[in-house]
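final_1.pdb, holding PDB, C-alpha atoms and all ligand atoms:
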```
ATOM      1  CA  MET A 122      20.738  15.476 202.344  1.00  0.00           C
ATOM      2  CA  THR A 123      17.141  16.562 201.785  1.00  0.00           C
ATOM      3  CA  ALA A 124      14.623  14.564 199.790  1.00  0.00           C
ATOM      4  CA  GLY A 125      13.748  16.018 196.394  1.00  0.00           C
ATOM      5  CA  ARG A 126      10.348  16.031 194.713  1.00  0.00           C
ATOM      6  CA  ASP A 127      11.127  12.731 193.050  1.00  0.00           C
ATOM      7  CA  ASP A 128      12.082  11.118 196.314  1.00  0.00           C
ATOM      8  CA  PRO A 129       8.933  10.158 198.238  1.00  0.00           C
ATOM      9  CA  ARG A 130       9.204   9.218 201.886  1.00  0.00           C
ATOM     10  CA  LEU A 131       7.557   5.955 202.920  1.00  0.00           C
ATOM     11  CA  HIS A 132       5.672   5.713 206.195  1.00  0.00           C
ATOM     12  CA  ALA A 133       4.259   2.521 207.724  1.00  0.00           C
ATOM     13  CA  ALA A 134       0.490   2.868 208.262  1.00  0.00           C
ATOM     14  CA  GLY A 135      -1.672   0.931 210.712  1.00  0.00           C
ATOM     15  CA  PRO A 136      -5.357   1.136 211.664  1.00  0.00           C
ATOM     16  CA  LEU A 137      -4.811   4.622 213.176  1.00  0.00           C
ATOM     17  CA  GLU A 138      -3.965   5.900 209.684  1.00  0.00           C
ATOM     18  CA  ALA A 139      -6.947   4.111 208.090  1.00  0.00           C
ATOM     19  CA  GLY A 140      -8.673   7.432 207.323  1.00  0.00           C
ATOM     20  CA  VAL A 141      -5.734   8.668 205.252  1.00  0.00           C
ATOM     21  CA  VAL A 142      -5.348   5.328 203.485  1.00  0.00           C
ATOM     22  CA  ALA A 143      -9.086   5.204 202.742  1.00  0.00           C
ATOM     23  CA  ALA A 144      -9.063   8.756 201.333  1.00  0.00           C
ATOM     24  CA  LEU A 145      -6.243   7.802 198.966  1.00  0.00           C
ATOM     25  CA  GLN A 146      -7.983   4.556 198.007  1.00  0.00           C
ATOM     26  CA  GLN A 147     -11.203   6.456 197.245  1.00  0.00           C
ATOM     27  CA  ALA A 148      -9.329   9.023 195.131  1.00  0.00           C
ATOM     28  CA  CYS A 149      -7.499   6.325 193.160  1.00  0.00           C
ATOM     29  CA  PHE A 150     -10.492   3.959 192.782  1.00  0.00           C
ATOM     30  CA  PRO A 151     -13.568   6.227 192.516  1.00  0.00           C
ATOM     31  CA  ASP A 152     -15.639   3.385 191.041  1.00  0.00           C
ATOM     32  CA  ASP A 153     -14.861   1.055 193.972  1.00  0.00           C
ATOM     33  CA  PRO A 154     -14.368   3.132 197.144  1.00  0.00           C
ATOM     34  CA  TRP A 155     -13.654   1.354 200.439  1.00  0.00           C
ATOM     35  CA  ASP A 156     -14.860   2.774 203.745  1.00  0.00           C
ATOM     36  CA  VAL A 157     -12.547   3.557 206.661  1.00  0.00           C
ATOM     37  CA  ALA A 158     -13.708   0.613 208.786  1.00  0.00           C
ATOM     38  CA  SER A 159     -12.971  -1.865 206.000  1.00  0.00           C
ATOM     39  CA  VAL A 160      -9.536  -0.375 205.435  1.00  0.00           C
ATOM     40  CA  ALA A 161      -8.777  -0.429 209.182  1.00  0.00           C
ATOM     41  CA  ALA A 162      -9.704  -4.110 209.389  1.00  0.00           C
ATOM     42  CA  LEU A 163      -7.592  -4.997 206.364  1.00  0.00           C
ATOM     43  CA  ILE A 164      -4.406  -3.240 207.480  1.00  0.00           C
ATOM     44  CA  GLY A 165      -4.544  -4.359 211.084  1.00  0.00           C
ATOM     45  CA  PRO A 166      -2.762  -7.317 212.605  1.00  0.00           C
ATOM     46  CA  PRO A 167      -2.436 -10.180 212.189  1.00  0.00           C
ATOM     47  CA  GLY A 168      -0.938 -10.111 208.751  1.00  0.00           C
ATOM     48  CA  GLY A 169      -2.160  -6.788 207.421  1.00  0.00           C
ATOM     49  CA  PHE A 170       0.151  -3.887 206.789  1.00  0.00           C
ATOM     50  CA  ALA A 171       0.173  -0.724 204.736  1.00  0.00           C
ATOM     51  CA  ALA A 172       2.539   2.011 203.650  1.00  0.00           C
ATOM     52  CA  LEU A 173       1.938   5.620 202.725  1.00  0.00           C
ATOM     53  CA  ALA A 174       4.125   7.566 200.306  1.00  0.00           C
ATOM     54  CA  LEU A 175       4.573  11.188 201.386  1.00  0.00           C
ATOM     55  CA  ARG A 176       5.895  14.184 199.465  1.00  0.00           C
ATOM     56  CA  GLY A 177       6.786  16.604 202.214  1.00  0.00           C
ATOM     57  CA  GLU A 178       3.852  16.058 204.562  1.00  0.00           C
ATOM     58  CA  GLU A 179       1.372  15.280 201.766  1.00  0.00           C
ATOM     59  CA  PRO A 180       0.255  11.665 201.298  1.00  0.00           C
ATOM     60  CA  VAL A 181       0.430  10.882 197.573  1.00  0.00           C
ATOM     61  CA  GLY A 182       0.156   7.092 197.469  1.00  0.00           C
ATOM     62  CA  PHE A 183      -0.601   3.956 199.438  1.00  0.00           C
ATOM     63  CA  VAL A 184      -0.268   0.195 199.364  1.00  0.00           C
ATOM     64  CA  MET A 185      -2.194  -2.355 201.431  1.00  0.00           C
ATOM     65  CA  THR A 186      -0.856  -5.893 201.833  1.00  0.00           C
ATOM     66  CA  ARG A 187      -1.879  -9.023 203.700  1.00  0.00           C
ATOM     67  CA  VAL A 188       0.244 -12.025 204.612  1.00  0.00           C
ATOM     68  CA  ALA A 189      -1.252 -15.448 205.368  1.00  0.00           C
ATOM     69  CA  ALA A 190       1.401 -18.067 206.123  1.00  0.00           C
ATOM     70  CA  GLU A 191       3.747 -18.209 203.114  1.00  0.00           C
ATOM     71  CA  ASP A 192       1.558 -16.223 200.729  1.00  0.00           C
ATOM     72  CA  ALA A 193       1.212 -12.454 200.664  1.00  0.00           C
ATOM     73  CA  GLU A 194      -1.159 -10.370 198.565  1.00  0.00           C
ATOM     74  CA  ILE A 195      -1.264  -6.733 197.531  1.00  0.00           C
ATOM     75  CA  LEU A 196      -4.890  -5.776 198.230  1.00  0.00           C
ATOM     76  CA  ALA A 197      -4.696  -2.301 196.746  1.00  0.00           C
ATOM     77  CA  ILE A 198      -2.107   0.196 195.561  1.00  0.00           C
ATOM     78  CA  GLY A 199      -2.572   3.662 194.173  1.00  0.00           C
ATOM     79  CA  VAL A 200      -0.883   6.982 193.537  1.00  0.00           C
ATOM     80  CA  LEU A 201      -2.808  10.249 193.210  1.00  0.00           C
ATOM     81  CA  PRO A 202      -3.035  11.252 189.524  1.00  0.00           C
ATOM     82  CA  ALA A 203      -0.792  14.315 189.951  1.00  0.00           C
ATOM     83  CA  GLY A 204       1.963  12.201 191.499  1.00  0.00           C
ATOM     84  CA  ARG A 205       2.155   9.441 188.908  1.00  0.00           C
ATOM     85  CA  ARG A 206       5.109   8.496 186.701  1.00  0.00           C
ATOM     86  CA  SER A 207       7.711   9.677 189.179  1.00  0.00           C
ATOM     87  CA  GLY A 208       8.613   6.415 190.876  1.00  0.00           C
ATOM     88  CA  VAL A 209       6.101   6.421 193.742  1.00  0.00           C
ATOM     89  CA  GLY A 210       4.291   3.260 192.617  1.00  0.00           C
ATOM     90  CA  ARG A 211       7.567   1.393 192.288  1.00  0.00           C
ATOM     91  CA  ARG A 212       8.607   2.432 195.809  1.00  0.00           C
ATOM     92  CA  LEU A 213       5.270   1.213 197.174  1.00  0.00           C
ATOM     93  CA  VAL A 214       5.594  -2.156 195.440  1.00  0.00           C
ATOM     94  CA  GLU A 215       9.096  -2.476 196.888  1.00  0.00           C
ATOM     95  CA  ALA A 216       7.664  -1.761 200.361  1.00  0.00           C
ATOM     96  CA  ALA A 217       5.073  -4.519 199.888  1.00  0.00           C
ATOM     97  CA  LEU A 218       7.789  -6.929 198.739  1.00  0.00           C
ATOM     98  CA  SER A 219      10.133  -6.242 201.645  1.00  0.00           C
ATOM     99  CA  GLY A 220       7.349  -6.135 204.261  1.00  0.00           C
ATOM    100  CA  SER A 221       5.953  -9.459 203.056  1.00  0.00           C
ATOM    101  CA  ARG A 222       9.391 -11.021 203.087  1.00  0.00           C
ATOM    102  CA  HIS A 223       9.987  -9.855 206.644  1.00  0.00           C
ATOM    103  CA  LEU A 224       6.676 -11.407 207.724  1.00  0.00           C
ATOM    104  CA  GLY A 225       7.833 -14.765 206.356  1.00  0.00           C
ATOM    105  CA  ALA A 226       6.036 -14.893 203.012  1.00  0.00           C
ATOM    106  CA  THR A 227       7.736 -16.679 200.120  1.00  0.00           C
ATOM    107  CA  ALA A 228       5.551 -15.222 197.360  1.00  0.00           C
ATOM    108  CA  LEU A 229       3.617 -11.996 196.784  1.00  0.00           C
ATOM    109  CA  PHE A 230       0.482 -12.186 194.610  1.00  0.00           C
ATOM    110  CA  LEU A 231      -1.892  -9.600 193.195  1.00  0.00           C
ATOM    111  CA  GLU A 232      -4.753  -9.271 190.743  1.00  0.00           C
ATOM    112  CA  VAL A 233      -4.740  -6.673 188.003  1.00  0.00           C
ATOM    113  CA  ALA A 234      -7.352  -5.888 185.377  1.00  0.00           C
ATOM    114  CA  GLU A 235      -6.252  -6.924 181.922  1.00  0.00           C
ATOM    115  CA  ASP A 236      -7.028  -3.416 180.601  1.00  0.00           C
ATOM    116  CA  ASN A 237      -4.971  -1.604 183.286  1.00  0.00           C
ATOM    117  CA  ASP A 238      -1.901  -0.864 181.174  1.00  0.00           C
ATOM    118  CA  ALA A 239      -0.194   1.400 183.736  1.00  0.00           C
ATOM    119  CA  ALA A 240      -0.427  -1.114 186.568  1.00  0.00           C
ATOM    120  CA  ARG A 241       0.595  -4.024 184.347  1.00  0.00           C
ATOM    121  CA  ALA A 242       3.654  -2.067 183.202  1.00  0.00           C
ATOM    122  CA  LEU A 243       4.548  -1.244 186.813  1.00  0.00           C
ATOM    123  CA  TYR A 244       4.301  -4.862 187.946  1.00  0.00           C
ATOM    124  CA  LYS A 245       6.295  -6.085 184.954  1.00  0.00           C
ATOM    125  CA  ALA A 246       8.999  -3.519 185.725  1.00  0.00           C
ATOM    126  CA  CYS A 247       9.035  -4.804 189.330  1.00  0.00           C
ATOM    127  CA  GLY A 248       9.518  -8.458 188.305  1.00  0.00           C
ATOM    128  CA  PHE A 249       6.016  -9.941 188.634  1.00  0.00           C
ATOM    129  CA  PHE A 250       4.947 -12.711 186.254  1.00  0.00           C
ATOM    130  CA  SER A 251       1.523 -14.033 185.307  1.00  0.00           C
ATOM    131  CA  VAL A 252       0.271 -17.243 186.912  1.00  0.00           C
ATOM    132  CA  GLY A 253      -3.428 -17.141 186.068  1.00  0.00           C
ATOM    133  CA  ARG A 254      -6.364 -15.353 184.442  1.00  0.00           C
ATOM    134  CA  ARG A 255      -9.904 -14.907 185.759  1.00  0.00           C
ATOM    135  CA  PRO A 256     -12.281 -14.072 182.879  1.00  0.00           C
ATOM    136  CA  GLY A 257     -14.929 -11.418 183.567  1.00  0.00           C
ATOM    137  CA  TYR A 258     -13.584 -10.687 187.066  1.00  0.00           C
ATOM    138  CA  TYR A 259     -13.963  -6.885 187.040  1.00  0.00           C
ATOM    139  CA  ARG A 260     -17.118  -4.993 186.144  1.00  0.00           C
ATOM    140  CA  ARG A 261     -16.834  -2.063 183.748  1.00  0.00           C
ATOM    141  CA  ARG A 262     -19.505   0.412 182.661  1.00  0.00           C
ATOM    142  CA  ASP A 263     -19.505  -1.263 179.221  1.00  0.00           C
ATOM    143  CA  GLY A 264     -19.054  -4.890 180.270  1.00  0.00           C
ATOM    144  CA  ARG A 265     -16.553  -7.027 182.158  1.00  0.00           C
ATOM    145  CA  VAL A 266     -12.804  -7.521 181.973  1.00  0.00           C
ATOM    146  CA  ALA A 267     -10.517 -10.341 183.044  1.00  0.00           C
ATOM    147  CA  ALA A 268      -8.150 -10.244 186.013  1.00  0.00           C
ATOM    148  CA  LEU A 269      -4.595 -11.455 185.640  1.00  0.00           C
ATOM    149  CA  VAL A 270      -3.086 -13.108 188.705  1.00  0.00           C
ATOM    150  CA  LEU A 271       0.554 -12.100 189.091  1.00  0.00           C
ATOM    151  CA  ARG A 272       3.248 -13.520 191.352  1.00  0.00           C
ATOM    152  CA  HIS A 273       6.634 -12.381 192.627  1.00  0.00           C
ATOM    153  CA  ASP A 274       8.845 -14.899 194.413  1.00  0.00           C
ATOM    154  CA  LEU A 275      10.469 -13.665 197.619  1.00  0.00           C
ATOM    155  CA  ALA A 276      13.925 -14.656 198.731  1.00  0.00           C
ATOM    156  CA  PRO A 277      14.115 -15.269 202.489  1.00  0.00           C
ATOM    157  CA  ALA A 278      14.949 -12.185 204.561  1.00  0.00           C
ATOM    158  CA  LEU A 279      18.616 -12.011 205.475  1.00  0.00           C
ATOM    159  CA  PRO A 280      19.410 -12.206 209.206  1.00  0.00           C
ATOM    160  CA  GLU A 281      20.375  -8.892 210.826  1.00  0.00           C
ATOM    161  CA  GLN A 282      24.157  -8.427 210.724  1.00  0.00           C
ATOM    162  CA  GLY A 283      25.897  -7.750 213.979  1.00  0.00           C
ATOM    163  CA  GLY A 284      28.524  -5.016 214.340  1.00  0.00           C
TER
HETATM  164  C1  LIG B   1      -0.494   1.890 188.675  1.00  0.00           C
HETATM  165  C2  LIG B   1       0.027   3.082 189.488  1.00  0.00           C
HETATM  166  C3  LIG B   1       0.016   2.705 190.977  1.00  0.00           C
HETATM  167  C4  LIG B   1       1.478   3.369 189.046  1.00  0.00           C
HETATM  168  O1  LIG B   1       2.028   4.362 189.925  1.00  0.00           O
HETATM  169  P1  LIG B   1       3.194   5.353 189.447  1.00  0.00           P
HETATM  170  O2  LIG B   1       3.675   6.079 190.645  1.00  0.00           O
HETATM  171  O3  LIG B   1       2.728   6.177 188.303  1.00  0.00           O
HETATM  172  O4  LIG B   1       4.301   4.327 188.916  1.00  0.00           O
HETATM  173  P2  LIG B   1       5.880   4.607 188.788  1.00  0.00           P
HETATM  174  O5  LIG B   1       6.103   6.048 188.430  1.00  0.00           O
HETATM  175  O6  LIG B   1       6.579   4.079 189.969  1.00  0.00           O
HETATM  176  O7  LIG B   1       6.231   3.715 187.498  1.00  0.00           O
HETATM  177  C5  LIG B   1       7.226   2.694 187.561  1.00  0.00           C
HETATM  178  C6  LIG B   1       7.252   2.023 186.179  1.00  0.00           C
HETATM  179  O8  LIG B   1       5.985   1.429 185.882  1.00  0.00           O
HETATM  180  C7  LIG B   1       5.684   1.607 184.493  1.00  0.00           C
HETATM  181  N1  LIG B   1       4.521   2.500 184.351  1.00  0.00           N
HETATM  182  C8  LIG B   1       3.844   3.117 185.336  1.00  0.00           C
HETATM  183  N2  LIG B   1       2.815   3.818 184.827  1.00  0.00           N
HETATM  184  C9  LIG B   1       2.834   3.636 183.502  1.00  0.00           C
HETATM  185  C10 LIG B   1       2.030   4.117 182.430  1.00  0.00           C
HETATM  186  N3  LIG B   1       0.979   4.927 182.630  1.00  0.00           N
HETATM  187  N4  LIG B   1       2.355   3.739 181.166  1.00  0.00           N
HETATM  188  C11 LIG B   1       3.400   2.924 180.931  1.00  0.00           C
HETATM  189  N5  LIG B   1       4.229   2.451 181.908  1.00  0.00           N
HETATM  190  C12 LIG B   1       3.933   2.801 183.174  1.00  0.00           C
HETATM  191  C13 LIG B   1       6.924   2.208 183.870  1.00  0.00           C
HETATM  192  O9  LIG B   1       7.806   1.147 183.526  1.00  0.00           O
HETATM  193  C14 LIG B   1       7.494   2.987 185.049  1.00  0.00           C
HETATM  194  O10 LIG B   1       8.875   3.255 184.946  1.00  0.00           O
HETATM  195  P3  LIG B   1       9.362   4.583 184.129  1.00  0.00           P
HETATM  196  O11 LIG B   1       8.529   5.737 184.630  1.00  0.00           O
HETATM  197  O12 LIG B   1      10.811   4.688 184.493  1.00  0.00           O
HETATM  198  O13 LIG B   1       9.101   4.285 182.677  1.00  0.00           O
HETATM  199  C15 LIG B   1      -0.843   4.353 189.208  1.00  0.00           C
HETATM  200  O14 LIG B   1      -0.971   4.523 187.808  1.00  0.00           O
HETATM  201  C16 LIG B   1      -2.225   4.311 189.840  1.00  0.00           C
HETATM  202  O15 LIG B   1      -2.396   4.659 190.990  1.00  0.00           O
HETATM  203  N6  LIG B   1      -3.258   3.901 189.040  1.00  0.00           N
HETATM  204  C17 LIG B   1      -4.644   3.883 189.551  1.00  0.00           C
HETATM  205  C18 LIG B   1      -4.871   2.796 190.590  1.00  0.00           C
HETATM  206  C19 LIG B   1      -4.508   1.429 190.037  1.00  0.00           C
HETATM  207  O16 LIG B   1      -4.822   1.068 188.905  1.00  0.00           O
HETATM  208  N7  LIG B   1      -3.842   0.625 190.888  1.00  0.00           N
HETATM  209  C20 LIG B   1      -3.418  -0.728 190.529  1.00  0.00           C
HETATM  210  C21 LIG B   1      -4.546  -1.698 190.648  1.00  0.00           C
HETATM  211  S1  LIG B   1      -3.993  -3.372 190.339  1.00  0.00           S
END
```

Could the structure of this file be written out as structure tokens, please?
Ligand SMILES: CC(C)(COP(=O)(O)OP(=O)(O)OC[C@H]1O[C@@H](n2cnc3c(N)ncnc32)[C@H](O)[C@@H]1OP(=O)(O)O)[C@@H](O)C(=O)NCCC(=O)NCCS
Amino acid sequence: MTAGRDDPRLHAAGPLEAGVVAALQQACFPDDPWDVASVAALIGPPGGFAALALRGEEPVGFVMTRVAAEDAEILAIGVLPAGRRSGVGRRLVEAALSGSRHLGATALFLEVAEDNDAARALYKACGFFSVGRRPGYYRRRDGRVAALVLRHDLAPALPEQGG
């Protein structure tokens, strides 16, 4: 079976793919671009991992996650504007959830701007719930906006089943 347009392929990304991840981050967050060296440091071991979403050979989205002991955090997630609303973001969140679980985390956290309706809807659809609010956390051209801290509990990874 071949993958259709609505069926992105996920690809694990490490420091060698930092340039691609950084280009996606910069396209999705033009007001807060991260350089390649910063991205490489964040997605490297120990604890850092990333995934790319590909349509054909074209990267269309990314997620960067870090795990420290039992807590994991999504550092950044984005989908190129032309690829949005076709399930890519949800697939990337699922990759962050399963990767964090496999690294031993029991909860995945993230921060989202209170005015980011698309991201808040995505996280709600993926089962995150609010555990905190940081007033004035993000800078906007016309002022500041609060961050919501969201959490998703992680069930322990199941042991591999033998044949
Ligand atoms: C947030 C973002 C990653 C979502 O990616 P996406 O690929 O469009 O999301 P999906 O198509 O997987 O959406 C899954 C669900 O999330 C919700 N959702 C996503 N975008 C939405 C929007 N613009 N409006 C309302 N609901 C939305 C819907 O419930 C959707 O399911 P549905 O399409 O069946 O209704 C994308 O909008 C993005 O890259 N934004 C810019 C960067 C950003 O803000 N990142 C998050 C920072 S915390």

For the structure provided, state which residues fall under the PyMOL selection byres (((chain A and resi 273) around 8) and not hetatm), and present them as a PDB file with C-alpha atoms, in the coordinates of the input.
```pdb
ATOM      1  CA  ALA A 228       5.551 -15.222 197.360  1.00  0.00           C
ATOM      2  CA  LEU A 229       3.617 -11.996 196.784  1.00  0.00           C
ATOM      3  CA  PHE A 230       0.482 -12.186 194.610  1.00  0.00           C
ATOM      4  CA  GLY A 248       9.518  -8.458 188.305  1.00  0.00           C
ATOM      5  CA  PHE A 249       6.016  -9.941 188.634  1.00  0.00           C
ATOM      6  CA  PHE A 250       4.947 -12.711 186.254  1.00  0.00           C
ATOM      7  CA  LEU A 271       0.554 -12.100 189.091  1.00  0.00           C
ATOM      8  CA  ARG A 272       3.248 -13.520 191.352  1.00  0.00           C
ATOM      9  CA  ASP A 274       8.845 -14.899 194.413  1.00  0.00           C
ATOM     10  CA  LEU A 275      10.469 -13.665 197.619  1.00  0.00           C
TER      11      LEU A 275
END
```

**Request:** Give the residues close to ligand LIG 1 (chain B), within 10 Å, counting all atoms listed in the file; write them as an NGL selection string.
**Result:** :A and (127 or 145-151 or 174 or 181-184 or 195-215 or 231-247 or 268-271)

**Request:** Please identify all polymer residues within 12 Å of Arg265 (chain A), counting all atoms listed in the file, omitting same-chain residues fewer than 2 positions from it, and present them as a PyMOL selection string.
**Result:** chain A and resi 234-236+255-263+267-268

**Message:** To test your reading of the syntax: which residues would the PyMOL selection byres (((chain A and resi 175-179) around 7) and not hetatm) return for the file shown? Reply as an MDAnalysis selection string.
**Reply:** chainID A and resid 126 129:131 173:174 180:181

**Straight-line distance linking CA of Gly220 (chain A) with CA of Ala189 (chain A), stated in Å to one decimal** = 12.7 Å

**Given all atoms listed in the file as the counted atoms, nearest of A:Ala162, A:Val141, A:Val266, A:Ala134 to Ala216 (chain A)** = A:Ala134

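Distance-wise, CA of Gly253 (chain A) and CA of Ile164 (chain A) end up 25.5 Å apart.
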
**Residue nearest Pro167 (chain A) among A:Leu137, A:Ala190, A:Val252, A:Leu279 (counting all atoms listed in the file)** = A:Ala190

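Going from CA of Ala226 (chain A) over to CA of Ala144 (chain A), you cover 28.1 Å.
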
Box for region 259-268 of chain A - axis-aligned, 4 Å on each of the six sides, all listed atoms - centre and size in Å to one decimal, as AutoDock Vina command-line options.
```
--center_x -13.8 --center_y -5.0 --center_z 183.1 --size_x 19.4 --size_y 18.8 --size_z 15.8
```

Incomplete region 136-145 of chain A filled out to all heavy atoms as a PDB file, in the coordinates of the input:
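Written out: selection-v9.pdb:
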```pdb
ATOM      1  N   PRO A 136      -3.946   0.757 211.572  1.00  0.00           N
ATOM      2  CA  PRO A 136      -5.357   1.136 211.664  1.00  0.00           C
ATOM      3  C   PRO A 136      -5.564   2.610 212.046  1.00  0.00           C
ATOM      4  O   PRO A 136      -6.557   3.217 211.615  1.00  0.00           O
ATOM      5  CB  PRO A 136      -5.895   0.191 212.749  1.00  0.00           C
ATOM      6  CG  PRO A 136      -5.020  -1.018 212.639  1.00  0.00           C
ATOM      7  CD  PRO A 136      -3.654  -0.505 212.290  1.00  0.00           C
ATOM      8  N   LEU A 137      -4.645   3.208 212.807  1.00  0.00           N
ATOM      9  CA  LEU A 137      -4.811   4.622 213.176  1.00  0.00           C
ATOM     10  C   LEU A 137      -4.746   5.547 211.961  1.00  0.00           C
ATOM     11  O   LEU A 137      -5.264   6.658 211.986  1.00  0.00           O
ATOM     12  CB  LEU A 137      -3.740   5.037 214.185  1.00  0.00           C
ATOM     13  CG  LEU A 137      -3.908   4.495 215.605  1.00  0.00           C
ATOM     14  CD1 LEU A 137      -2.748   4.953 216.492  1.00  0.00           C
ATOM     15  CD2 LEU A 137      -5.233   4.962 216.197  1.00  0.00           C
ATOM     16  N   GLU A 138      -4.070   5.088 210.911  1.00  0.00           N
ATOM     17  CA  GLU A 138      -3.965   5.900 209.684  1.00  0.00           C
ATOM     18  C   GLU A 138      -5.007   5.467 208.642  1.00  0.00           C
ATOM     19  O   GLU A 138      -4.913   5.845 207.472  1.00  0.00           O
ATOM     20  CB  GLU A 138      -2.570   5.779 209.075  1.00  0.00           C
ATOM     21  CG  GLU A 138      -1.497   6.574 209.775  1.00  0.00           C
ATOM     22  CD  GLU A 138      -0.849   5.791 210.903  1.00  0.00           C
ATOM     23  OE1 GLU A 138      -1.003   4.560 210.933  1.00  0.00           O
ATOM     24  OE2 GLU A 138      -0.213   6.430 211.757  1.00  0.00           O
ATOM     25  N   ALA A 139      -5.987   4.653 209.061  1.00  0.00           N
ATOM     26  CA  ALA A 139      -6.947   4.111 208.090  1.00  0.00           C
ATOM     27  C   ALA A 139      -7.694   5.212 207.339  1.00  0.00           C
ATOM     28  O   ALA A 139      -8.018   5.052 206.155  1.00  0.00           O
ATOM     29  CB  ALA A 139      -7.946   3.181 208.791  1.00  0.00           C
ATOM     30  N   GLY A 140      -7.950   6.345 207.988  1.00  0.00           N
ATOM     31  CA  GLY A 140      -8.673   7.432 207.323  1.00  0.00           C
ATOM     32  C   GLY A 140      -7.887   7.985 206.142  1.00  0.00           C
ATOM     33  O   GLY A 140      -8.448   8.263 205.080  1.00  0.00           O
ATOM     34  N   VAL A 141      -6.573   8.144 206.334  1.00  0.00           N
ATOM     35  CA  VAL A 141      -5.734   8.668 205.252  1.00  0.00           C
ATOM     36  C   VAL A 141      -5.643   7.646 204.120  1.00  0.00           C
ATOM     37  O   VAL A 141      -5.758   7.987 202.941  1.00  0.00           O
ATOM     38  CB  VAL A 141      -4.307   8.979 205.782  1.00  0.00           C
ATOM     39  CG1 VAL A 141      -3.436   9.542 204.672  1.00  0.00           C
ATOM     40  CG2 VAL A 141      -4.366   9.931 206.955  1.00  0.00           C
ATOM     41  N   VAL A 142      -5.452   6.378 204.501  1.00  0.00           N
ATOM     42  CA  VAL A 142      -5.348   5.328 203.485  1.00  0.00           C
ATOM     43  C   VAL A 142      -6.663   5.238 202.696  1.00  0.00           C
ATOM     44  O   VAL A 142      -6.663   5.153 201.465  1.00  0.00           O
ATOM     45  CB  VAL A 142      -4.997   3.965 204.127  1.00  0.00           C
ATOM     46  CG1 VAL A 142      -4.955   2.873 203.066  1.00  0.00           C
ATOM     47  CG2 VAL A 142      -3.654   4.048 204.860  1.00  0.00           C
ATOM     48  N   ALA A 143      -7.788   5.300 203.414  1.00  0.00           N
ATOM     49  CA  ALA A 143      -9.086   5.204 202.742  1.00  0.00           C
ATOM     50  C   ALA A 143      -9.303   6.387 201.798  1.00  0.00           C
ATOM     51  O   ALA A 143      -9.823   6.215 200.685  1.00  0.00           O
ATOM     52  CB  ALA A 143     -10.209   5.124 203.773  1.00  0.00           C
ATOM     53  N   ALA A 144      -8.894   7.586 202.211  1.00  0.00           N
ATOM     54  CA  ALA A 144      -9.063   8.756 201.333  1.00  0.00           C
ATOM     55  C   ALA A 144      -8.262   8.587 200.047  1.00  0.00           C
ATOM     56  O   ALA A 144      -8.744   8.922 198.951  1.00  0.00           O
ATOM     57  CB  ALA A 144      -8.633  10.025 202.069  1.00  0.00           C
ATOM     58  N   LEU A 145      -7.051   8.041 200.169  1.00  0.00           N
ATOM     59  CA  LEU A 145      -6.243   7.802 198.966  1.00  0.00           C
ATOM     60  C   LEU A 145      -6.880   6.714 198.104  1.00  0.00           C
ATOM     61  O   LEU A 145      -6.934   6.831 196.876  1.00  0.00           O
ATOM     62  CB  LEU A 145      -4.819   7.392 199.371  1.00  0.00           C
ATOM     63  CG  LEU A 145      -3.962   8.510 199.969  1.00  0.00           C
ATOM     64  CD1 LEU A 145      -2.731   7.921 200.662  1.00  0.00           C
ATOM     65  CD2 LEU A 145      -3.524   9.496 198.890  1.00  0.00           C
TER      66      LEU A 145
END
```
